[in-house]
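Student: Sharing a structure here in structure tokens format.
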Amino acid sequence: MGTVLKMLLVERHLSHKDFCAEYRKHAAAREEPPARATFYTWMSGEMKGLPQNHHRRVLARMFPGWSIHTLFSMANAATASPQPVGDDAVDEGPAAFLGTEMVDRGATLVVPTFELATSSIKALASAGIPRQHIFSKQASVFNAAHRIDVPVALAENDVRAMLYVMSMIQQHDGITVDIQSDREVVLACDRPYISFGLSSNDCTHMYLESTSDPLFTVRDNPPPGQGYLEHLELADGQCYSSDDNRNIGIIARVRPAPQLHPDRYWFFCAGLGSRGTTGAGWYMAKHWNALQERAADQEFVAVVSVRTYSDQTATLEHLLTR
């Protein structure tokens with residue numbers, strides 16, 4: 001019988017030519033309908049995986065209430081007279097969560113980088129220590145030189161959080177990924193991005209200083225008796241701190257220029273303590289669709305609680321939308 005999509009087109013008496021005409025009505029200027037061979041592969045159910053993201057977006061508009069997965073399932077596996085599955089089941093992949101600009105333009109993943117202070121470099125040079133010898137490997141089993149050409153430090157937990165999210169993004173065909181330092185992105189910030197790290201990342205400070213009413217703020221003075229140097233304060237007045245048993249992570253999605261770029265989001269995946277950022281990264285990678293279901297198209301900040309022995313213990317503690 002073919003796919004559910006084929007069944008719907010038969011019911012509407014749409015040929016390939018008619019389908020392409022309808023497709024163009026619902027598509028953006030540069031979105032072309034599928035070629036004839038691709039169209040008939042869609043009808044047969046013999047394609048591997050799902051169509052590319054731009055096709056998914058158009059099909060979601062053409063068949064409101066039908067999820068992409070349902071459209072490309074076999075019709076004989078559905079009910080004899082299939083009914084729309086409801087607006088909440090419309091599946092446009094990660095486009096609604098990440099924003100269509102990030103899906104179309106690509107995701108920039110931002111990690112904070114650190115370098116030795118100028119005074120330290122001068123002192124090392126005066127001591128006759130070349131830049132390639134500033135960092136070393138301790139207790140290597142190989143009796144050989146280990147040199148690093150770019151002596152820049154990255155926080156391991158920021159990188160691990162980035163890898164969680166990058167793995168999630170790469171599961172969806174068509175979204176390119178670019179990794180850059182916070183210094184590069186702050187100098188060229190006219191783009192969507194996902195930033196990792198809290199006060200360590202200049203993207204956080206750029207957001208806090210350029211926004212009159214930020215969703216969250218990093219405070220330097222922790223509540224009495226806390227061993228961590230910072231705590232979080234949300235726009236609704238809620239405050240969160242980490243301790244030795246539980247770290248706090250946040251996932252924030254904001255619109256930096258809603259009038260100029262309504263489909264652009266900046267994301268902040270960060271935390272307090274060694275597990276805060278990594279737990280937030282793991283939670284975002286595994287539960288982005290649940291966050292999207294609750295936040296819809298609003299800005300949001302989600303606070304997650306992470307036990308200090310595993311990233312995968314992250315659980316949602318609070319969600320603020322605006």
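How things are named: the first chain in the structure tokens is A, the next is B, and so on; residues count from 1 in each chain; ligands count from 1 in the order shown.
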Give me, as an MDAnalysis selection string, all polymer residues having an atom no more than 10 Å from stretch 128-141 of chain A, counting only C-alpha atoms and skipping those fewer than 6 positions away in the same chain.
Tutor: chainID A and resid 116 121:122 147:153
Student: In stretch 32-234 of chain A, what's alpha helix (DSSP H) per DSSP? Answer as a ChimeraX atom specification?
Tutor: /A:36-44,53-62,68-71,95-98,100-105,118-126,156-170,182-187,202-210
Student: For A:Val10, which residue out of A:Leu59, A:Leu208, A:Ala27, A:Ala75 is the nearest one, using only C-alpha atoms?
Tutor: A:Ala75
Student: Quick one, how far is atom CA of A:Gln180 from atom CA of A:Asn289?
Tutor: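 A separation of 25.5 Å between them.
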Student: Quick one: residues within 10 Å of A:Asn245, only C-alpha atoms, excluding same-chain residues fewer than 3 positions away - as a ChimeraX atom specification?
Tutor: /A:242,306-309
Student: Would you save the residues from that selection as a compact mmCIF listing (two decimals), in the first residue's frame, using C-alpha atoms?
Tutor:
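File again_10.txt, as written:
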# COMPACT_ATOMS: atom_id res chain seq x y z
CA SER A 242 25.73 23.92 44.30
CA VAL A 306 22.98 16.80 39.10
CA ARG A 307 24.43 14.36 41.58
CA THR A 308 28.20 14.74 41.75
CA TYR A 309 29.00 11.15 40.75
Student: Residues near A:Tyr164, anyone? I mean within 12 Å using only C-alpha atoms, not counting same-chain ones fewer than 3 positions away, as a PyMOL selection string.
Tutor: chain A and resi 109+157-161+167-171+196+269+277-288+311-312
Student: List the neighbours of A:Lys6 out to 10 Å using only C-alpha atoms; skip same-chain residues closer than 5 positions along the sequence, and give me the result as a VMD selection string.
Tutor: chain A and resid 1 11 to 12 14 39 to 40 42 to 45 71 to 72 74 to 75
Student: Pick out each residue of stretch 92-320 of chain A that DSSP on the backbone tags as strand (DSSP E or B); I need them as a PyMOL selection string.
Tutor: chain A and resi 92+94+107-111+113-115+152-154+177-181+193-196+216-219+231-234+239-240+246-254+266-272+300-307+315-320
Student: Name all residues at most 10 Å from A:Tyr23 (count only C-alpha atoms; drop same-chain ones fewer than 4 positions away) and give them as a short mmCIF file (atom, residue, chain, number, x, y, z; two decimals) with C-alpha atoms, in the first residue's frame.
Tutor:
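After the write, out-v7.cif holds the following:
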data_model
loop_
_atom_site.label_atom_id
_atom_site.label_comp_id
_atom_site.auth_asym_id
_atom_site.auth_seq_id
_atom_site.Cartn_x
_atom_site.Cartn_y
_atom_site.Cartn_z
CA LYS A 17 2.87 17.55 -10.49
CA ASP A 18 0.02 18.53 -8.15
CA PHE A 19 2.12 17.66 -5.11
CA ALA A 27 7.79 26.35 1.00
CA ALA A 28 10.23 29.19 1.42
CA GLU A 31 13.03 25.23 -0.91
CA GLU A 32 12.52 23.02 -3.95
CA PRO A 33 10.13 20.05 -4.06
CA PRO A 34 11.60 16.56 -4.30
CA HIS A 55 11.49 18.83 3.39
CA VAL A 58 7.33 21.93 4.35
CA LEU A 59 5.56 18.61 4.88
CA ARG A 61 2.90 22.72 6.92
CA MET A 62 1.23 20.71 4.16
#
Student: So that I can see what lies close to A:Ser73, please list as a ChimeraX atom specification the residues with an atom at most 7 Å from it, counting only C-alpha atoms and leaving out residues fewer than 3 positions away in the same chain.
Tutor: /A:3-4,69-70
Student: Work out how far apart atom CA of A:Leu316 and atom CA of A:Ser181 are and give it in Å to one decimal.
Tutor: 28.2 Å
